[in-house]
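Shown next: input_6.csv, containing CSV, C-alpha atoms.
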```
chain,number,residue,atom,x,y,z
A,1,MET,CA,13.9,-54.9,-11.3
A,2,PRO,CA,17.1,-53.0,-10.5
A,3,THR,CA,18.5,-53.1,-7.0
A,4,VAL,CA,20.6,-50.7,-4.9
A,5,ASN,CA,22.9,-51.8,-2.2
A,6,ILE,CA,22.4,-49.8,1.0
A,7,ALA,CA,24.3,-50.8,4.2
A,8,GLY,CA,25.0,-54.2,2.8
A,9,LYS,CA,21.4,-55.0,1.9
A,10,ASP,CA,20.1,-55.2,-1.7
A,11,ILE,CA,16.9,-53.1,-2.1
A,12,GLU,CA,14.6,-53.3,-5.1
A,13,VAL,CA,13.8,-50.0,-6.9
A,14,ASP,CA,11.9,-49.1,-10.0
A,15,GLU,CA,13.5,-47.6,-13.1
A,16,GLU,CA,13.2,-44.1,-11.7
A,17,GLY,CA,14.7,-45.1,-8.4
A,18,TYR,CA,11.5,-45.3,-6.2
A,19,LEU,CA,11.4,-48.1,-3.7
A,20,THR,CA,9.4,-51.1,-4.9
A,21,ASN,CA,8.5,-52.2,-1.4
A,22,LEU,CA,7.5,-49.6,1.1
A,23,ALA,CA,8.6,-51.9,3.9
A,24,ASP,CA,12.2,-51.7,2.8
A,25,TRP,CA,12.3,-48.1,4.0
A,26,ASN,CA,14.3,-46.9,7.1
A,27,GLU,CA,16.2,-43.8,7.9
A,28,GLU,CA,19.4,-45.2,6.4
A,29,VAL,CA,17.6,-45.9,3.1
A,30,ALA,CA,16.1,-42.4,3.2
A,31,ALA,CA,19.5,-40.9,3.7
A,32,TYR,CA,20.8,-42.8,0.7
A,33,LEU,CA,17.9,-41.8,-1.5
A,34,ALA,CA,18.3,-38.1,-0.4
A,35,LYS,CA,22.0,-38.3,-1.4
A,36,GLU,CA,21.0,-39.6,-4.8
A,37,GLU,CA,18.7,-36.6,-5.1
A,38,LYS,CA,21.4,-34.3,-3.9
A,39,VAL,CA,19.2,-33.2,-1.0
A,40,GLU,CA,20.9,-32.3,2.3
A,41,MET,CA,18.5,-33.6,4.9
A,42,THR,CA,17.6,-31.2,7.7
A,43,ASP,CA,14.9,-31.4,10.4
A,44,SER,CA,12.6,-29.4,8.0
A,45,HIS,CA,13.2,-32.1,5.3
A,46,TRP,CA,12.5,-34.9,7.7
A,47,GLU,CA,9.3,-33.1,8.8
A,48,VAL,CA,8.0,-33.3,5.2
A,49,VAL,CA,9.2,-36.8,4.6
A,50,ASN,CA,7.5,-38.0,7.8
A,51,PHE,CA,4.4,-36.1,7.0
A,52,LEU,CA,4.3,-38.0,3.6
A,53,ARG,CA,4.7,-41.3,5.3
A,54,GLU,CA,1.8,-40.6,7.6
A,55,TYR,CA,-0.3,-39.4,4.7
A,56,TYR,CA,0.5,-42.6,2.8
A,57,ASN,CA,-0.4,-44.8,5.9
A,58,GLU,CA,-3.7,-43.1,6.1
A,59,TYR,CA,-4.7,-42.9,2.5
A,60,GLN,CA,-2.5,-45.5,0.7
A,61,ILE,CA,-1.5,-43.0,-2.0
A,62,ALA,CA,1.2,-40.4,-2.5
A,63,PRO,CA,-0.5,-37.0,-2.7
A,64,ALA,CA,-0.3,-34.7,-5.7
A,65,ILE,CA,1.7,-31.5,-4.9
A,66,ARG,CA,-1.4,-29.3,-4.6
A,67,VAL,CA,-2.9,-31.7,-2.2
A,68,LEU,CA,0.3,-32.1,-0.2
A,69,THR,CA,0.7,-28.3,0.1
A,70,LYS,CA,-2.9,-28.0,1.4
A,71,ALA,CA,-2.5,-30.8,3.8
A,72,ILE,CA,0.7,-29.5,5.2
A,73,ALA,CA,-0.8,-26.0,5.6
A,74,LYS,CA,-3.6,-27.5,7.6
A,75,LYS,CA,-1.3,-29.5,9.9
A,76,LEU,CA,1.9,-27.5,10.1
A,77,GLY,CA,0.6,-24.0,9.3
A,78,PRO,CA,0.7,-21.8,6.2
A,79,ASP,CA,4.4,-20.9,6.7
A,80,LYS,CA,5.2,-24.5,5.6
A,81,GLY,CA,2.2,-25.3,3.5
A,82,ASN,CA,3.2,-23.3,0.5
A,83,ASN,CA,5.0,-23.9,-2.8
A,84,LYS,CA,8.0,-21.6,-2.0
A,85,TYR,CA,8.9,-23.3,1.2
A,86,LEU,CA,8.5,-26.8,-0.2
A,87,TYR,CA,10.4,-26.1,-3.4
A,88,GLU,CA,13.3,-24.6,-1.4
A,89,LEU,CA,13.5,-27.9,0.5
A,90,PHE,CA,13.0,-30.1,-2.6
A,91,PRO,CA,14.1,-28.0,-5.7
A,92,TYR,CA,13.2,-30.7,-8.2
A,93,GLY,CA,9.6,-31.0,-7.0
A,94,PRO,CA,8.5,-31.7,-3.5
A,95,ALA,CA,6.0,-34.3,-4.4
A,96,LYS,CA,8.4,-36.2,-6.6
A,97,GLN,CA,11.6,-35.9,-4.5
A,98,ALA,CA,10.2,-36.0,-1.0
A,99,CYS,CA,8.0,-39.0,-2.0
A,100,LYS,CA,11.1,-40.8,-3.3
A,101,ILE,CA,13.0,-40.1,-0.1
A,102,ALA,CA,10.0,-41.2,2.0
A,103,GLY,CA,10.0,-44.5,0.1
A,104,LEU,CA,6.6,-43.9,-1.5
A,105,PRO,CA,5.6,-44.6,-5.1
A,106,LYS,CA,5.5,-41.7,-7.5
A,107,PRO,CA,2.5,-39.5,-6.9
A,108,THR,CA,-0.6,-40.4,-8.9
A,109,GLY,CA,-1.4,-37.5,-11.2
A,110,CYS,CA,2.2,-36.5,-11.5
A,111,ILE,CA,2.4,-36.5,-15.2
B,112,MET,CA,4.3,-32.3,-13.1
B,113,SER,CA,2.7,-29.0,-14.0
B,114,ASP,CA,3.0,-29.9,-17.6
B,115,VAL,CA,-0.5,-31.4,-17.7
B,116,THR,CA,-1.0,-31.0,-21.4
B,117,GLY,CA,2.0,-33.1,-22.2
B,118,GLY,CA,3.6,-30.2,-24.1
B,119,ILE,CA,0.8,-29.9,-26.5
B,120,ASP,CA,-0.3,-26.3,-27.1
B,121,MET,CA,-3.9,-25.9,-26.3
B,122,ASP,CA,-6.2,-23.6,-28.3
B,123,ASP,CA,-7.3,-20.5,-26.5
B,124,GLU,CA,-10.9,-21.8,-27.0
B,125,THR,CA,-10.3,-25.0,-25.1
B,126,GLU,CA,-8.3,-23.4,-22.3
B,127,GLY,CA,-10.2,-22.9,-19.1
B,128,VAL,CA,-13.3,-24.8,-20.1
B,129,VAL,CA,-14.8,-26.6,-17.2
B,130,LYS,CA,-16.9,-29.6,-18.0
B,131,LYS,CA,-19.1,-31.8,-15.8
B,132,PHE,CA,-17.5,-35.2,-15.6
B,133,MET,CA,-19.1,-38.1,-13.9
B,134,PHE,CA,-17.2,-41.3,-13.2
B,135,LEU,CA,-19.7,-44.2,-12.9
B,136,ASN,CA,-18.6,-47.2,-10.8
B,137,ARG,CA,-20.6,-50.3,-11.3
B,138,LYS,CA,-18.2,-53.1,-10.4
B,139,ALA,CA,-17.0,-54.8,-7.1
B,140,PRO,CA,-13.6,-53.4,-6.0
B,141,TYR,CA,-11.6,-56.6,-6.5
B,142,GLY,CA,-11.6,-59.4,-9.1
B,143,THR,CA,-11.3,-56.9,-11.9
B,144,ILE,CA,-9.1,-53.8,-12.4
B,145,TYR,CA,-12.0,-51.4,-13.1
B,146,ALA,CA,-12.4,-49.9,-9.6
B,147,LEU,CA,-8.8,-49.2,-9.1
B,148,GLU,CA,-8.4,-47.8,-12.6
B,149,ALA,CA,-11.4,-45.6,-12.1
B,150,LEU,CA,-9.9,-44.2,-8.9
B,151,GLU,CA,-6.6,-43.4,-10.6
B,152,VAL,CA,-8.4,-41.6,-13.4
B,153,VAL,CA,-10.4,-39.6,-10.9
B,154,LEU,CA,-7.3,-38.6,-9.0
B,155,ILE,CA,-5.6,-37.5,-12.2
B,156,SER,CA,-8.7,-35.7,-13.4
B,157,ALA,CA,-8.4,-33.5,-10.2
B,158,ALA,CA,-5.3,-31.9,-11.7
B,159,PHE,CA,-7.4,-30.5,-14.6
B,160,ASP,CA,-9.7,-28.4,-12.5
B,161,GLN,CA,-12.9,-30.0,-13.9
B,162,ASP,CA,-16.3,-30.4,-12.2
B,163,VAL,CA,-15.9,-34.1,-11.1
B,164,SER,CA,-18.5,-36.3,-9.5
B,165,LEU,CA,-18.5,-40.0,-8.7
B,166,ALA,CA,-21.5,-42.4,-8.8
B,167,PHE,CA,-21.6,-45.8,-7.2
B,168,VAL,CA,-24.2,-48.1,-8.6
B,169,ASP,CA,-24.8,-51.9,-8.6
B,170,ASP,CA,-21.8,-53.8,-7.1
B,171,GLY,CA,-19.9,-50.5,-7.3
B,172,VAL,CA,-21.3,-49.6,-3.9
B,173,TYR,CA,-19.0,-52.3,-2.4
B,174,GLN,CA,-16.0,-50.1,-3.4
B,175,ILE,CA,-16.7,-47.7,-0.5
B,176,VAL,CA,-17.9,-50.2,2.1
B,177,LYS,CA,-16.1,-50.1,5.4
B,178,GLY,CA,-13.9,-52.9,6.7
B,179,GLN,CA,-12.3,-54.3,3.6
B,180,HIS,CA,-9.7,-57.0,4.2
B,181,THR,CA,-7.7,-58.0,1.2
B,182,LYS,CA,-4.9,-60.1,2.7
B,183,GLY,CA,-6.6,-63.3,1.7
B,184,ILE,CA,-6.7,-62.4,-2.0
B,185,ASP,CA,-3.2,-60.9,-1.9
B,186,GLN,CA,-4.4,-57.5,-3.2
B,187,LYS,CA,-3.7,-54.0,-1.9
B,188,ASN,CA,-6.7,-52.6,0.0
B,189,PHE,CA,-7.1,-49.3,-1.7
B,190,SER,CA,-10.4,-48.3,0.0
B,191,PRO,CA,-8.6,-45.8,2.3
B,192,THR,CA,-7.9,-43.8,-0.8
B,193,TYR,CA,-11.5,-42.8,-1.2
B,194,ARG,CA,-11.1,-40.9,2.0
B,195,ALA,CA,-8.4,-38.8,0.3
B,196,LEU,CA,-10.8,-37.5,-2.4
B,197,GLU,CA,-11.9,-34.7,-0.2
B,198,GLY,CA,-8.3,-33.3,-0.1
B,199,TYR,CA,-8.4,-33.4,-4.0
B,200,ASP,CA,-11.6,-31.3,-3.8
B,201,ILE,CA,-13.7,-34.1,-5.1
B,202,GLU,CA,-16.7,-34.0,-2.8
B,203,LYS,CA,-19.6,-35.0,-5.0
B,204,LEU,CA,-20.1,-38.7,-4.3
B,205,TYR,CA,-23.5,-40.2,-5.2
B,206,VAL,CA,-24.8,-43.6,-4.3
B,207,GLU,CA,-27.9,-45.2,-5.7
B,208,LYS,CA,-30.4,-46.0,-3.0
B,209,GLU,CA,-31.7,-49.1,-4.7
B,210,SER,CA,-28.3,-50.6,-5.1
B,211,LEU,CA,-27.5,-50.1,-1.4
B,212,GLU,CA,-30.9,-51.6,-0.3
B,213,ALA,CA,-30.6,-54.7,-2.6
B,214,ARG,CA,-27.3,-55.5,-0.9
B,215,GLY,CA,-28.6,-54.9,2.6
B,216,LEU,CA,-26.4,-51.9,3.1
B,217,THR,CA,-27.0,-48.4,4.5
B,218,GLU,CA,-25.1,-45.1,4.5
B,219,GLU,CA,-23.6,-46.2,7.9
B,220,ASP,CA,-21.7,-49.0,6.2
B,221,LEU,CA,-19.8,-46.6,3.9
B,222,LEU,CA,-16.4,-45.1,4.6
B,223,VAL,CA,-17.0,-41.7,3.1
B,224,ASP,CA,-19.7,-39.1,3.2
B,225,VAL,CA,-22.0,-39.6,0.2
B,226,GLN,CA,-25.4,-38.4,-1.0
B,227,VAL,CA,-27.8,-41.3,-1.4
B,228,VAL,CA,-30.2,-40.7,-4.3
B,229,ASP,CA,-32.8,-42.9,-5.9
B,230,SER,CA,-32.4,-44.2,-9.4
B,231,ALA,CA,-34.6,-41.5,-11.0
B,232,ALA,CA,-32.5,-38.8,-9.3
B,233,MET,CA,-29.3,-40.6,-10.4
B,234,ALA,CA,-30.6,-40.7,-14.0
B,235,ASN,CA,-31.2,-36.9,-13.8
B,236,LEU,CA,-27.6,-36.4,-12.4
B,237,MET,CA,-26.2,-38.4,-15.4
B,238,ALA,CA,-28.3,-36.4,-17.8
B,239,GLU,CA,-26.8,-33.1,-16.5
B,240,GLN,CA,-23.2,-34.2,-17.2
B,241,ASP,CA,-21.1,-33.3,-20.2
B,242,VAL,CA,-19.2,-36.6,-19.9
B,243,VAL,CA,-20.1,-39.8,-18.2
B,244,ILE,CA,-17.3,-42.4,-18.0
B,245,SER,CA,-18.4,-45.8,-17.0
B,246,PHE,CA,-16.2,-48.4,-15.3
```

Conversion result in structure tokens:
Amino acid sequence: MPTVNIAGKDIEVDEEGYLTNLADWNEEVAAYLAKEEKVEMTDSHWEVVNFLREYYNEYQIAPAIRVLTKAIAKKLGPDKGNNKYLYELFPYGPAKQACKIAGLPKPTGCI
Amino acid sequence: MSDVTGGIDMDDETEGVVKKFMFLNRKAPYGTIYALEALEVVLISAAFDQDVSLAFVDDGVYQIVKGQHTKGIDQKNFSPTYRALEGYDIEKLYVEKESLEARGLTEEDLLVDVQVVDSAAMANLMAEQDVVISF
């Protein structure tokens, strides 16, 4: 497995750059992964990333984009639970990019 | 992600066809890969907008039993994922009554809402499907 060095610590990632161990995640790691994805993290980005981490804790999977959108609409309102908002934050795919920054595996059903 | 057909052009005739798929789970959650693989296929199938149902029969009922602890066998406890199915619009979960009873279980022991049906009703459900995939 490849590793990346973040703040002096070697962290294992898969061939697409997703963390191998969820437990390696912290905000520093997230900031590094965001930089790799060329995403400038704002409070709105963190809100989605934290939402994903909560979702993963509860269900042990990374949600498909359709499911993520619906779940965010339910919790944070329709202004945020829509494709336009989420793609503006994560242009290369909210499920894919936000999951990576959140330290989750690639979403199941993300073909 | 949206490219669900893998770049293959689909015929007009096959586009938009909704079939009834049943995923039949017969095996205990751990010890073999069947239960986890079935769950992954079910989650992927949700992307194709099909009419999906799940059936739990024989030791398959153990897949959705509450209070699974897997530390001792060094496996991931994936049972919380069954509770995510609702968010994927997969809401038809059937459990065979005889299989529950034979294992001393009731609906109360299960971690998701299900319909408990007897084996004759389960056979009818299977007969109604276009596709039954057994794990």

Write out as a count of residues only each polymer residue whose atoms come within 9 Å of Trp46 in chain A, counting all atoms listed in the file; drop sequence neighbours fewer than 5 positions from it. 3

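Across the model, the gap from CA of Gln179 in chain B to CA of Ile101 in chain A is 29.2 Å.
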
Closest pair table for chain B residues within 12 Å of chain A, only C-alpha atoms, as a Markdown table:
```
| residue | atom | partner | partner_atom | distance |
| --- | --- | --- | --- | --- |
| B:Met112 | CA | A:Cys110 | CA | 5.0 |
| B:Ser113 | CA | A:Ile111 | CA | 7.6 |
| B:Asp114 | CA | A:Ile111 | CA | 7.0 |
| B:Val115 | CA | A:Ile111 | CA | 6.4 |
| B:Thr116 | CA | A:Ile111 | CA | 9.0 |
| B:Gly117 | CA | A:Ile111 | CA | 7.8 |
| B:Gly118 | CA | A:Ile111 | CA | 11.0 |
| B:Leu147 | CA | A:Ile61 | CA | 11.9 |
| B:Glu148 | CA | A:Thr108 | CA | 11.4 |
| B:Leu150 | CA | A:Thr108 | CA | 10.0 |
| B:Glu151 | CA | A:Thr108 | CA | 6.9 |
| B:Val152 | CA | A:Gly109 | CA | 8.4 |
| B:Val153 | CA | A:Gly109 | CA | 9.2 |
| B:Leu154 | CA | A:Gly109 | CA | 6.4 |
| B:Ile155 | CA | A:Gly109 | CA | 4.3 |
| B:Ser156 | CA | A:Gly109 | CA | 7.8 |
| B:Ala157 | CA | A:Gly109 | CA | 8.1 |
| B:Ala158 | CA | A:Gly109 | CA | 6.8 |
| B:Phe159 | CA | A:Gly109 | CA | 9.8 |
| B:Asp160 | CA | A:Arg66 | CA | 11.5 |
| B:Lys187 | CA | A:Gln60 | CA | 9.0 |
| B:Asn188 | CA | A:Gln60 | CA | 8.3 |
| B:Phe189 | CA | A:Gln60 | CA | 6.4 |
| B:Ser190 | CA | A:Tyr59 | CA | 8.2 |
| B:Pro191 | CA | A:Tyr59 | CA | 4.9 |
| B:Thr192 | CA | A:Tyr59 | CA | 4.7 |
| B:Tyr193 | CA | A:Tyr59 | CA | 7.7 |
| B:Arg194 | CA | A:Tyr59 | CA | 6.7 |
| B:Ala195 | CA | A:Tyr59 | CA | 5.9 |
| B:Leu196 | CA | A:Tyr59 | CA | 9.5 |
| B:Glu197 | CA | A:Val67 | CA | 9.7 |
| B:Gly198 | CA | A:Val67 | CA | 6.0 |
| B:Tyr199 | CA | A:Val67 | CA | 6.0 |
| B:Asp200 | CA | A:Val67 | CA | 8.9 |
| B:Ile201 | CA | A:Val67 | CA | 11.4 |
```

Can I get the selected residues back with C-alpha atoms, as a compact mmCIF listing (two decimals), in the frame of the given file?
```
# COMPACT_ATOMS: atom_id res chain seq x y z
CA MET B 112 4.30 -32.30 -13.10
CA SER B 113 2.70 -29.00 -14.00
CA ASP B 114 3.00 -29.90 -17.60
CA VAL B 115 -0.50 -31.40 -17.70
CA THR B 116 -1.00 -31.00 -21.40
CA GLY B 117 2.00 -33.10 -22.20
CA GLY B 118 3.60 -30.20 -24.10
CA LEU B 147 -8.80 -49.20 -9.10
CA GLU B 148 -8.40 -47.80 -12.60
CA LEU B 150 -9.90 -44.20 -8.90
CA GLU B 151 -6.60 -43.40 -10.60
CA VAL B 152 -8.40 -41.60 -13.40
CA VAL B 153 -10.40 -39.60 -10.90
CA LEU B 154 -7.30 -38.60 -9.00
CA ILE B 155 -5.60 -37.50 -12.20
CA SER B 156 -8.70 -35.70 -13.40
CA ALA B 157 -8.40 -33.50 -10.20
CA ALA B 158 -5.30 -31.90 -11.70
CA PHE B 159 -7.40 -30.50 -14.60
CA ASP B 160 -9.70 -28.40 -12.50
CA LYS B 187 -3.70 -54.00 -1.90
CA ASN B 188 -6.70 -52.60 0.00
CA PHE B 189 -7.10 -49.30 -1.70
CA SER B 190 -10.40 -48.30 0.00
CA PRO B 191 -8.60 -45.80 2.30
CA THR B 192 -7.90 -43.80 -0.80
CA TYR B 193 -11.50 -42.80 -1.20
CA ARG B 194 -11.10 -40.90 2.00
CA ALA B 195 -8.40 -38.80 0.30
CA LEU B 196 -10.80 -37.50 -2.40
CA GLU B 197 -11.90 -34.70 -0.20
CA GLY B 198 -8.30 -33.30 -0.10
CA TYR B 199 -8.40 -33.40 -4.00
CA ASP B 200 -11.60 -31.30 -3.80
CA ILE B 201 -13.70 -34.10 -5.10
```

Report the distance between CA of Glu219 in chain B and CA of Phe134 in chain B in Å, rounded to one decimal place. 22.6 Å

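Distance check against Ala31 in chain A using all atoms listed in the file: of A:Leu89, A:Thr3, A:Gly103, A:Ser44, the minimum falls on A:Gly103.
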
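Neighbouring residues of Pro2 in chain A at 12 Å or closer, counting all atoms listed in the file and skipping chain neighbours under 6 positions away, are Asp10, Ile11, Glu12, Val13, Asp14, Glu15, Glu16, Gly17, Tyr18, Leu19 and Thr20 of chain A.
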
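Distance check against Glu218 in chain B using all atoms listed in the file: of B:Phe246, B:Ala139, B:Leu236, B:Val172, the minimum falls on B:Val172.
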
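Summary of the local environment: counting all atoms listed in the file, residues at most 8 Å from range 203-215 of chain B, other than itself and those fewer than 6 positions away along its chain, are B:Val163, B:Ser164, B:Leu165, B:Ala166, B:Phe167, B:Val168, B:Asp169, B:Asp170, B:Val172, B:Asp224, B:Val225, B:Gln226, B:Val227, B:Val228, B:Asp229, B:Ser230, B:Met233.
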
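Between Asn83 in chain A and the candidates A:Thr69, A:Val48, A:Glu37, A:Arg53, the tightest atom-to-atom separation, counting all atoms listed in the file, involves A:Thr69.
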
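Note that CA of Val49 in chain A and CA of Pro94 in chain A are 9.6 Å apart.
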